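Undergrad: Contents are PDB, C-alpha atoms; file name input.pdb:
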ATOM      1  CA  MET A  24     152.089  25.507  65.728
ATOM      2  CA  GLY A  25     151.988  23.825  62.313
ATOM      3  CA  SER A  26     152.394  25.743  59.072
ATOM      4  CA  ARG A  27     148.648  25.475  58.285
ATOM      5  CA  ALA A  28     147.822  26.897  61.705
ATOM      6  CA  ARG A  29     150.296  29.724  61.192
ATOM      7  CA  GLU A  30     148.808  30.543  57.783
ATOM      8  CA  GLU A  31     145.265  30.514  59.108
ATOM      9  CA  PHE A  32     146.231  32.658  62.103
ATOM     10  CA  ALA A  33     147.869  35.207  59.787
ATOM     11  CA  ALA A  34     144.788  35.168  57.532
ATOM     12  CA  GLY A  35     142.521  35.844  60.534
ATOM     13  CA  LEU A  36     144.720  38.678  61.741
ATOM     14  CA  TRP A  37     144.896  40.120  58.226
ATOM     15  CA  GLY A  38     141.140  39.783  57.805
ATOM     16  CA  SER A  39     140.527  41.759  60.990
ATOM     17  CA  LEU A  40     142.703  44.688  59.874
ATOM     18  CA  PRO A  41     140.032  46.584  57.847
ATOM     19  CA  LEU A  42     138.018  46.739  61.063
ATOM     20  CA  THR A  43     140.750  47.690  63.507
ATOM     21  CA  VAL A  44     140.663  51.422  62.705
ATOM     22  CA  SER A  45     136.952  51.634  63.517
ATOM     23  CA  VAL A  46     137.209  49.306  66.503
ATOM     24  CA  ALA A  47     140.087  51.395  67.848
ATOM     25  CA  ALA A  48     138.135  54.625  67.338
ATOM     26  CA  TYR A  49     135.189  53.224  69.293
ATOM     27  CA  GLY A  50     137.515  51.851  71.946
ATOM     28  CA  LEU A  51     139.122  55.245  72.380
ATOM     29  CA  ILE A  52     135.745  56.948  72.743
ATOM     30  CA  TRP A  53     134.411  54.314  75.105
ATOM     31  CA  GLY A  54     137.538  54.515  77.262
ATOM     32  CA  ALA A  55     137.248  58.279  77.466
ATOM     33  CA  LEU A  56     133.522  58.101  78.301
ATOM     34  CA  ALA A  57     134.170  55.544  81.013
ATOM     35  CA  ARG A  58     136.857  57.764  82.500
ATOM     36  CA  GLN A  59     134.546  60.790  82.418
ATOM     37  CA  ALA A  60     131.848  58.684  84.074
ATOM     38  CA  GLY A  61     134.187  58.227  87.011
ATOM     39  CA  LEU A  62     136.008  54.944  86.374
ATOM     40  CA  TRP A  63     139.728  54.862  87.110
ATOM     41  CA  PRO A  64     142.082  54.166  84.180
ATOM     42  CA  LEU A  65     142.964  50.742  85.561
ATOM     43  CA  GLU A  66     139.252  49.909  85.933
ATOM     44  CA  VAL A  67     138.625  50.950  82.329
ATOM     45  CA  ALA A  68     141.384  48.605  81.161
ATOM     46  CA  ALA A  69     140.175  45.804  83.453
ATOM     47  CA  MET A  70     136.626  46.022  82.124
ATOM     48  CA  SER A  71     137.832  45.796  78.536
ATOM     49  CA  ILE A  72     140.023  42.766  79.121
ATOM     50  CA  ILE A  73     137.549  40.919  81.395
ATOM     51  CA  VAL A  74     134.242  41.669  79.623
ATOM     52  CA  MET A  75     135.391  42.384  76.044
ATOM     53  CA  ALA A  76     131.922  43.226  74.704
ATOM     54  CA  GLY A  77     131.691  46.770  73.356
ATOM     55  CA  SER A  78     127.955  47.461  73.364
ATOM     56  CA  ALA A  79     127.446  46.001  76.847
ATOM     57  CA  GLN A  80     130.323  48.084  78.162
ATOM     58  CA  LEU A  81     128.843  51.172  76.542
ATOM     59  CA  ALA A  82     125.544  50.540  78.332
ATOM     60  CA  ALA A  83     127.179  49.694  81.661
ATOM     61  CA  VAL A  84     129.225  52.865  82.087
ATOM     62  CA  PRO A  85     126.387  55.398  82.480
ATOM     63  CA  MET A  86     124.523  52.927  84.719
ATOM     64  CA  MET A  87     127.527  52.629  86.992
ATOM     65  CA  ALA A  88     127.987  56.410  86.961
ATOM     66  CA  ALA A  89     124.345  56.818  88.008
ATOM     67  CA  GLY A  90     124.945  54.453  90.928
ATOM     68  CA  ALA A  91     122.853  51.543  89.606
ATOM     69  CA  PRO A  92     123.128  48.382  91.725
ATOM     70  CA  ALA A  93     125.790  45.913  90.525
ATOM     71  CA  GLY A  94     123.185  43.187  89.961
ATOM     72  CA  LEU A  95     121.285  45.360  87.515
ATOM     73  CA  VAL A  96     124.457  46.257  85.600
ATOM     74  CA  ILE A  97     125.379  42.566  85.384
ATOM     75  CA  LEU A  98     121.876  41.533  84.282
ATOM     76  CA  THR A  99     121.826  44.250  81.598
ATOM     77  CA  THR A 100     125.202  43.012  80.351
ATOM     78  CA  TYR A 101     123.844  39.480  80.107
ATOM     79  CA  VAL A 102     120.743  40.549  78.190
ATOM     80  CA  ILE A 103     122.655  42.748  75.734
ATOM     81  CA  ASN A 104     124.984  39.833  75.005
ATOM     82  CA  LEU A 105     122.299  37.180  74.434
ATOM     83  CA  ARG A 106     123.086  37.189  70.716
ATOM     84  CA  HIS A 107     126.358  35.404  71.533
ATOM     85  CA  TYR A 108     124.322  32.231  72.119
ATOM     86  CA  LEU A 109     123.407  32.169  68.422
ATOM     87  CA  MET A 110     126.977  32.868  67.332
ATOM     88  CA  ALA A 111     128.347  30.118  69.568
ATOM     89  CA  ALA A 112     125.761  27.612  68.306
ATOM     90  CA  SER A 113     126.572  28.410  64.687
ATOM     91  CA  LEU A 114     130.362  28.137  65.166
ATOM     92  CA  ALA A 115     130.182  24.929  67.198
ATOM     93  CA  PRO A 116     129.734  22.328  64.403
ATOM     94  CA  TYR A 117     133.013  23.508  62.823
ATOM     95  CA  VAL A 118     135.092  22.854  65.941
ATOM     96  CA  ARG A 119     133.887  19.389  66.955
ATOM     97  CA  HIS A 120     137.374  17.943  67.025
ATOM     98  CA  LEU A 121     138.672  20.417  69.606
ATOM     99  CA  PRO A 122     139.126  19.361  73.247
ATOM    100  CA  ARG A 123     136.784  20.906  75.819
ATOM    101  CA  TRP A 124     139.455  23.153  77.311
ATOM    102  CA  ALA A 125     140.172  24.644  73.877
ATOM    103  CA  LEU A 126     136.447  25.303  73.344
ATOM    104  CA  ALA A 127     136.234  26.920  76.783
ATOM    105  CA  LEU A 128     139.115  29.206  75.814
ATOM    106  CA  MET A 129     137.729  29.895  72.341
ATOM    107  CA  ALA A 130     134.370  30.932  73.838
ATOM    108  CA  TYR A 131     135.960  34.049  75.316
ATOM    109  CA  GLY A 132     136.640  35.288  71.787
ATOM    110  CA  ILE A 133     133.036  35.150  70.532
ATOM    111  CA  SER A 134     131.671  38.572  69.587
ATOM    112  CA  ASP A 135     130.237  40.338  66.527
ATOM    113  CA  GLU A 136     133.332  41.065  64.447
ATOM    114  CA  PRO A 137     135.369  37.863  64.943
ATOM    115  CA  TYR A 138     132.166  35.858  64.434
ATOM    116  CA  ALA A 139     131.300  37.603  61.164
ATOM    117  CA  LEU A 140     134.836  37.197  59.814
ATOM    118  CA  THR A 141     135.192  33.580  60.904
ATOM    119  CA  ILE A 142     131.823  32.204  59.811
ATOM    120  CA  ALA A 143     132.270  33.793  56.353
ATOM    121  CA  ARG A 144     135.665  32.065  56.084
ATOM    122  CA  TRP A 145     134.621  28.692  57.469
ATOM    123  CA  ARG A 146     131.659  28.365  55.117
ATOM    124  CA  ARG A 147     134.093  28.472  52.191
ATOM    125  CA  HIS A 148     137.413  27.124  53.412
ATOM    126  CA  PRO A 149     138.156  24.105  55.585
ATOM    127  CA  ALA A 150     137.657  25.411  59.131
ATOM    128  CA  HIS A 151     140.696  25.959  61.303
ATOM    129  CA  VAL A 152     140.440  27.456  64.770
ATOM    130  CA  ALA A 153     143.639  29.457  64.170
ATOM    131  CA  TYR A 154     141.723  31.756  61.796
ATOM    132  CA  PHE A 155     139.295  32.579  64.606
ATOM    133  CA  ALA A 156     142.201  33.112  67.013
ATOM    134  CA  GLY A 157     143.873  35.510  64.563
ATOM    135  CA  SER A 158     140.697  37.560  64.115
ATOM    136  CA  VAL A 159     140.109  37.686  67.878
ATOM    137  CA  ILE A 160     143.667  38.858  68.553
ATOM    138  CA  GLY A 161     143.274  41.565  65.883
ATOM    139  CA  ILE A 162     139.894  42.855  67.060
ATOM    140  CA  TYR A 163     140.373  42.469  70.813
ATOM    141  CA  GLY A 164     143.923  43.849  70.560
ATOM    142  CA  ALA A 165     142.620  46.984  68.855
ATOM    143  CA  PHE A 166     139.745  47.376  71.314
ATOM    144  CA  PHE A 167     141.765  46.739  74.449
ATOM    145  CA  SER A 168     144.704  48.987  73.596
ATOM    146  CA  SER A 169     142.517  51.849  72.371
ATOM    147  CA  SER A 170     140.077  51.720  75.280
ATOM    148  CA  ALA A 171     142.949  51.617  77.772
ATOM    149  CA  LEU A 172     144.465  54.629  76.001
ATOM    150  CA  GLY A 173     141.094  56.415  76.046
ATOM    151  CA  GLY A 174     140.846  55.684  79.764
ATOM    152  CA  PHE A 175     144.227  57.259  80.433
ATOM    153  CA  LEU A 176     143.673  60.274  78.190
ATOM    154  CA  GLY A 177     140.119  60.844  79.365
ATOM    155  CA  SER A 178     139.172  63.241  76.572
ATOM    156  CA  ALA A 179     137.025  61.918  73.765
ATOM    157  CA  ILE A 180     137.783  62.155  70.090
ATOM    158  CA  ARG A 181     134.658  63.614  68.546
ATOM    159  CA  ASP A 182     133.528  63.742  64.962
ATOM    160  CA  LEU A 183     134.018  60.055  64.306
ATOM    161  CA  GLU A 184     131.191  60.481  61.809
ATOM    162  CA  ARG A 185     133.007  63.054  59.732
ATOM    163  CA  TYR A 186     135.420  60.413  58.488
ATOM    164  CA  GLY A 187     132.670  57.924  57.702
ATOM    165  CA  LEU A 188     134.301  55.477  60.134
ATOM    166  CA  ASP A 189     130.948  54.643  61.686
ATOM    167  CA  PHE A 190     130.049  53.008  58.369
ATOM    168  CA  ALA A 191     133.038  50.641  58.449
ATOM    169  CA  PHE A 192     131.235  48.119  60.685
ATOM    170  CA  ALA A 193     128.218  48.038  58.374
ATOM    171  CA  ALA A 194     130.481  47.760  55.310
ATOM    172  CA  VAL A 195     132.321  44.765  56.753
ATOM    173  CA  PHE A 196     129.128  42.990  57.817
ATOM    174  CA  LEU A 197     127.704  43.622  54.329
ATOM    175  CA  ALA A 198     130.861  42.369  52.626
ATOM    176  CA  LEU A 199     130.754  39.194  54.711
ATOM    177  CA  LEU A 200     126.999  38.695  54.406
ATOM    178  CA  LEU A 201     126.268  39.304  50.711
ATOM    179  CA  PRO A 202     128.453  36.494  49.276
ATOM    180  CA  GLN A 203     126.646  34.070  51.599
ATOM    181  CA  VAL A 204     123.236  34.962  50.162
ATOM    182  CA  ARG A 205     123.612  32.687  47.179
ATOM    183  CA  ASP A 206     120.396  30.704  46.764
ATOM    184  CA  ARG A 207     116.687  31.420  47.127
ATOM    185  CA  LYS A 208     116.518  30.001  50.608
ATOM    186  CA  ALA A 209     119.262  32.322  51.793
ATOM    187  CA  VAL A 210     117.515  35.292  50.156
ATOM    188  CA  ALA A 211     114.293  34.364  51.975
ATOM    189  CA  VAL A 212     116.116  34.034  55.306
ATOM    190  CA  ALA A 213     117.805  37.413  54.797
ATOM    191  CA  ILE A 214     114.539  39.157  53.937
ATOM    192  CA  ILE A 215     112.708  37.624  56.892
ATOM    193  CA  SER A 216     115.541  38.525  59.225
ATOM    194  CA  GLY A 217     115.786  42.099  57.935
ATOM    195  CA  VAL A 218     112.054  42.700  58.302
ATOM    196  CA  LEU A 219     111.945  41.129  61.765
ATOM    197  CA  ALA A 220     114.981  43.174  62.836
ATOM    198  CA  LEU A 221     113.373  46.458  61.746
ATOM    199  CA  ILE A 222     110.076  45.623  63.425
ATOM    200  CA  PHE A 223     111.564  44.461  66.705
ATOM    201  CA  ALA A 224     114.145  47.239  66.818
ATOM    202  CA  HIS A 225     111.109  49.503  67.252
ATOM    203  CA  LEU A 226     109.204  47.254  69.646
ATOM    204  CA  LEU A 227     111.889  45.901  71.963
ATOM    205  CA  PRO A 228     114.528  47.649  74.051
ATOM    206  CA  GLY A 229     118.277  47.262  73.548
ATOM    207  CA  LYS A 230     119.651  44.496  71.366
ATOM    208  CA  TRP A 231     116.732  42.075  71.658
ATOM    209  CA  TYR A 232     115.875  42.561  67.991
ATOM    210  CA  ILE A 233     119.103  40.794  66.967
ATOM    211  CA  VAL A 234     118.164  37.731  68.993
ATOM    212  CA  VAL A 235     114.534  37.664  67.829
ATOM    213  CA  ALA A 236     115.338  38.250  64.139
ATOM    214  CA  GLY A 237     118.366  35.936  64.106
ATOM    215  CA  LEU A 238     116.529  33.062  65.747
ATOM    216  CA  GLY A 239     113.202  33.676  63.990
ATOM    217  CA  ALA A 240     114.726  33.770  60.508
ATOM    218  CA  SER A 241     116.884  30.676  61.186
ATOM    219  CA  LEU A 242     113.787  28.741  62.257
ATOM    220  CA  ALA A 243     111.960  29.995  59.171
ATOM    221  CA  GLY A 244     114.870  28.804  57.022
ATOM    222  CA  ALA A 245     114.724  25.362  58.609
ATOM    223  CA  LEU A 246     110.988  25.183  57.918
ATOM    224  CA  LEU A 247     111.538  26.200  54.289
ATOM    225  CA  GLU A 248     114.041  23.343  53.905
ATOM    226  CA  ARG A 249     111.615  20.827  55.287
ATOM    227  CA  GLY A 250     108.965  22.051  52.859
ATOM    228  CA  ARG A 251     110.812  20.676  49.832
TER     229      ARG A 251
ATOM    230  CA  MET B 105     141.136  49.614  91.902
ATOM    231  CA  ARG B 106     137.963  49.856  93.996
ATOM    232  CA  THR B 107     136.606  46.542  95.179
ATOM    233  CA  HIS B 108     132.939  47.156  94.346
ATOM    234  CA  ILE B 109     133.832  48.276  90.812
ATOM    235  CA  LEU B 110     136.069  45.262  90.310
ATOM    236  CA  LEU B 111     133.298  42.947  91.542
ATOM    237  CA  THR B 112     130.824  44.517  89.097
ATOM    238  CA  ILE B 113     133.323  44.104  86.261
ATOM    239  CA  VAL B 114     133.997  40.465  87.166
ATOM    240  CA  GLY B 115     130.236  39.863  87.329
ATOM    241  CA  MET B 116     129.833  41.403  83.879
ATOM    242  CA  GLY B 117     132.646  39.167  82.640
ATOM    243  CA  VAL B 118     131.004  36.036  84.044
ATOM    244  CA  ALA B 119     127.601  37.036  82.620
ATOM    245  CA  THR B 120     129.152  37.606  79.193
ATOM    246  CA  TYR B 121     131.076  34.333  79.305
ATOM    247  CA  LEU B 122     127.798  32.568  80.099
ATOM    248  CA  THR B 123     126.434  33.846  76.763
ATOM    249  CA  ARG B 124     129.515  32.569  74.914
ATOM    250  CA  ALA B 125     130.526  29.190  76.287
ATOM    251  CA  PRO B 126     127.451  26.959  76.855
ATOM    252  CA  PHE B 127     126.274  26.629  73.250
ATOM    253  CA  LEU B 128     129.813  26.324  71.896
ATOM    254  CA  LEU B 129     130.297  23.314  74.161
ATOM    255  CA  ALA B 130     126.799  21.874  73.696
ATOM    256  CA  PHE B 131     126.486  22.176  69.917
ATOM    257  CA  SER B 132     129.962  20.829  69.184
ATOM    258  CA  GLN B 133     128.870  17.384  70.384
ATOM    259  CA  ARG B 134     128.468  14.688  67.770
ATOM    260  CA  GLY B 135     125.091  13.246  66.872
ATOM    261  CA  LEU B 136     122.967  16.372  66.966
ATOM    262  CA  PRO B 137     119.559  15.774  65.343
ATOM    263  CA  GLU B 138     119.249  16.856  61.723
ATOM    264  CA  GLN B 139     116.586  19.445  62.660
ATOM    265  CA  VAL B 140     119.134  21.275  64.796
ATOM    266  CA  HIS B 141     121.613  21.360  61.922
ATOM    267  CA  ARG B 142     118.919  22.723  59.663
ATOM    268  CA  ILE B 143     118.499  25.667  62.034
ATOM    269  CA  LEU B 144     122.225  26.157  62.624
ATOM    270  CA  ARG B 145     122.900  26.353  58.880
ATOM    271  CA  HIS B 146     120.768  29.485  58.571
ATOM    272  CA  ILE B 147     122.122  31.356  61.587
ATOM    273  CA  PRO B 148     125.009  33.077  59.725
ATOM    274  CA  VAL B 149     122.790  34.793  57.149
ATOM    275  CA  ALA B 150     119.979  35.456  59.639
ATOM    276  CA  LEU B 151     122.283  36.896  62.300
ATOM    277  CA  LEU B 152     124.461  39.024  60.018
ATOM    278  CA  THR B 153     121.320  40.450  58.382
ATOM    279  CA  ALA B 154     119.780  41.185  61.782
ATOM    280  CA  LEU B 155     122.955  43.026  62.758
ATOM    281  CA  VAL B 156     123.384  45.050  59.609
ATOM    282  CA  VAL B 157     119.885  46.016  58.405
ATOM    283  CA  PRO B 158     118.949  48.252  61.374
ATOM    284  CA  MET B 159     122.488  49.692  61.224
ATOM    285  CA  LEU B 160     121.838  50.781  57.636
ATOM    286  CA  LEU B 161     118.176  51.777  57.706
ATOM    287  CA  MET B 162     117.941  53.144  61.253
ATOM    288  CA  PRO B 163     121.007  55.308  61.834
ATOM    289  CA  GLY B 164     120.371  57.203  65.057
ATOM    290  CA  GLY B 165     117.515  54.868  65.958
ATOM    291  CA  GLU B 166     114.862  56.143  63.549
ATOM    292  CA  LEU B 167     113.857  54.482  60.272
ATOM    293  CA  SER B 168     115.300  56.526  57.412
ATOM    294  CA  VAL B 169     114.793  55.276  53.862
ATOM    295  CA  THR B 170     115.453  58.554  52.083
ATOM    296  CA  PRO B 171     118.357  59.807  49.939
ATOM    297  CA  ARG B 172     119.430  61.873  52.948
ATOM    298  CA  ASN B 173     120.565  58.695  54.695
ATOM    299  CA  PRO B 174     124.259  58.458  53.739
ATOM    300  CA  TYR B 175     124.358  54.758  54.572
ATOM    301  CA  LEU B 176     122.135  53.934  51.594
ATOM    302  CA  LEU B 177     124.732  55.346  49.209
ATOM    303  CA  GLY B 178     127.439  53.557  51.196
ATOM    304  CA  THR B 179     125.508  50.292  50.875
ATOM    305  CA  LEU B 180     125.146  50.697  47.102
ATOM    306  CA  LEU B 181     128.834  51.406  46.656
ATOM    307  CA  THR B 182     129.867  48.599  48.980
ATOM    308  CA  ALA B 183     127.702  46.124  47.040
ATOM    309  CA  LEU B 184     129.017  47.438  43.738
ATOM    310  CA  VAL B 185     132.699  47.121  44.737
ATOM    311  CA  LEU B 186     131.926  43.679  46.122
ATOM    312  CA  ARG B 187     131.018  42.523  42.622
ATOM    313  CA  PHE B 188     134.587  43.163  41.493
ATOM    314  CA  THR B 189     136.643  42.265  44.535
ATOM    315  CA  GLN B 190     136.290  40.400  47.799
ATOM    316  CA  ASN B 191     139.203  42.356  49.249
ATOM    317  CA  LEU B 192     137.831  43.670  52.553
ATOM    318  CA  PHE B 193     140.148  46.682  52.557
ATOM    319  CA  LEU B 194     138.897  47.907  49.205
ATOM    320  CA  VAL B 195     135.266  47.182  50.031
ATOM    321  CA  VAL B 196     135.393  48.975  53.371
ATOM    322  CA  PHE B 197     137.421  51.848  51.977
ATOM    323  CA  ALA B 198     134.906  52.399  49.172
ATOM    324  CA  GLY B 199     131.931  52.382  51.558
ATOM    325  CA  VAL B 200     133.582  54.617  54.152
ATOM    326  CA  ALA B 201     134.820  57.057  51.521
ATOM    327  CA  ALA B 202     131.351  57.249  49.928
ATOM    328  CA  VAL B 203     129.718  58.047  53.284
ATOM    329  CA  ALA B 204     132.379  60.627  54.201
ATOM    330  CA  LEU B 205     132.151  62.292  50.787
ATOM    331  CA  PHE B 206     128.352  62.348  50.909
ATOM    332  CA  ARG B 207     128.399  64.074  54.309
ATOM    333  CA  LEU B 208     130.989  66.552  53.080
ATOM    334  CA  ILE B 209     128.836  67.500  50.070
ATOM    335  CA  VAL B 210     125.638  67.743  52.112
ATOM    336  CA  ALA B 211     127.435  69.991  54.613
ATOM    337  CA  LEU B 212     128.543  72.435  51.922
TER     338      LEU B 212
END
Would you write the structure of this file as structure tokens?
TA:
Amino acid sequence: MGSRAREEFAAGLWGSLPLTVSVAAYGLIWGALARQAGLWPLEVAAMSIIVMAGSAQLAAVPMMAAGAPAGLVILTTYVINLRHYLMAASLAPYVRHLPRWALALMAYGISDEPYALTIARWRRHPAHVAYFAGSVIGIYGAFFSSSALGGFLGSAIRDLERYGLDFAFAAVFLALLLPQVRDRKAVAVAIISGVLALIFAHLLPGKWYIVVAGLGASLAGALLERGR
Amino acid sequence: MRTHILLTIVGMGVATYLTRAPFLLAFSQRGLPEQVHRILRHIPVALLTALVVPMLLMPGGELSVTPRNPYLLGTLLTALVLRFTQNLFLVVFAGVAAVALFRLIVAL
């Protein structure tokens, strides 16, 4: 690993740190819930390392506990994670030079937090995949270790809200989003996306609103560009 | 580990990977039409906004744009601190502390 790669990896890891406390708290709770729902500790750990998608795992556990057919659990997982398509498409132009095997490996790391951290960085600094890798190791490391621990302990930590930790995710997304809303076009895209998200969060089940608002506002932004 | 559980987990893993890999491979090809780039450029702002706005305005799933929603205060403070520093630790700490403090005061 070259010195630039090492620096970028460290920066990604460092960047993920403000989120690790909250990610670990959610991991602990999810692990405990999964255990209470009847999964064995090893199964809890296996799901975290194989799936590595918090909200889908949160939805899957009660379904599995209720004896839902595997196909339905898998389909629900797929639908909840559809937003990854948009994240992958938006990261892709920055990693053109990478060989296919590296892209196939990198894909496993795409999820909300590493995406938000990495895209904010890459839009300002020359992109280096090591930054993404560092943020993935930080976030996934926190989620895997805490959910495995939660699975072994089996008793949930409650009162996450009392410490305001639930707000940490929103704070990080805000801190990464706001500096990117620099010109009028970006303001328009943000407003359109926010309105669409609120509307479709009421109309559609699950996480569909993220897909609809994210795609809808991006298309609107492209149309605005063509208009001038 | 029980086989049927493991199979479900592996299926979930495959399904999730299928949402991650195809577009990363497809859109990293050279020579994409300019229209595609125009759309891709706006995804970061569109997607991050779509993630965060319902988080802030619909805590617990219901629209809440009143002073009783602690996230609104958290948002204000986060944006304010962001004007002075881009340090994520400070920004997150300020927002989290504001929300925790607000809940503490309301509970009194």
Undergrad: Rounded to one decimal place, report the atom CA of Gly35 of chain A-atom CA of Tyr131 of chain A distance in Å.
TA: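 We find that atom CA of Gly35 of chain A and atom CA of Tyr131 of chain A lie 16.3 Å from each other.
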Undergrad: One decimal, Å: what's the distance from atom CA of Tyr101 of chain A over to atom CA of Ala119 of chain B, could you say?
TA: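 Going from atom CA of Tyr101 of chain A over to atom CA of Ala119 of chain B covers 5.1 Å.
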Undergrad: If the ChimeraX specification (/A :<6) & /B were run on this exact file, what residues would it hold? Put them as a PyMOL selection string.
TA: chain B and resi 112-113+115-117+119-120+123-125+127-128+131-132+142-144+146-147+150-151+153-154+156-158+193+196+200+203-204
Undergrad: For atom CA of Ala55 of chain A and atom CA of Gly174 of chain A, determine how far apart the two atoms are, in Å to one decimal place.
TA: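 That distance, rounded to one decimal, is 5.0 Å.
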Undergrad: Please provide the set of residues having any atom within 6 Å of Gly199 of chain B, restricted to all atoms listed in the file, with same-chain residues fewer than 5 positions apart removed, written as a list of chain:residue names.
TA: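 Once the adjacent positions are removed, what remains is B:Gly178, B:Leu181, B:Thr182.
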Undergrad: For this file, the PyMOL selection byres ((chain B and resi 210) around 12) selects which residues, as a compact mmCIF listing (two decimals) with C-alpha atoms, in the coordinates of the input?
TA:
# COMPACT_ATOMS: atom_id res chain seq x y z
CA ARG A 185 133.01 63.05 59.73
CA PRO B 171 118.36 59.81 49.94
CA ARG B 172 119.43 61.87 52.95
CA ASN B 173 120.56 58.70 54.70
CA PRO B 174 124.26 58.46 53.74
CA VAL B 203 129.72 58.05 53.28
CA ALA B 204 132.38 60.63 54.20
CA LEU B 205 132.15 62.29 50.79
CA PHE B 206 128.35 62.35 50.91
CA ARG B 207 128.40 64.07 54.31
CA LEU B 208 130.99 66.55 53.08
CA ILE B 209 128.84 67.50 50.07
CA ALA B 211 127.44 69.99 54.61
CA LEU B 212 128.54 72.44 51.92
Undergrad: Measuring between all atoms listed in the file, which one of A:Phe32, A:Thr141, A:Val159, A:Leu81 shows the shortest distance to Leu51 of chain A?
TA: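 Nearest to Leu51 of chain A: A:Leu81.
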Undergrad: Box time for segment 127-141 of chain A: axis-aligned, enclosing all its listed atoms, 6 Å extra on each side; report centre and edge lengths in Å to one decimal, as lines of an AutoDock Vina configuration file.
TA:
center_x = 134.7
center_y = 34.0
center_z = 68.3
size_x = 20.9
size_y = 26.1
size_z = 29.0
Undergrad: When you count only C-alpha atoms, which of these residues is closest to Glu136 of chain A: A:Ala34, A:Leu56, A:Val84, A:Ile160?
TA: A:Ile160
Undergrad: Within 8 Å of Leu176 of chain B, counting all atoms listed in the file, which residues qualify if same-chain residues fewer than 6 places away don't, as a ChimeraX atom specification?
TA: /B:160-161,169
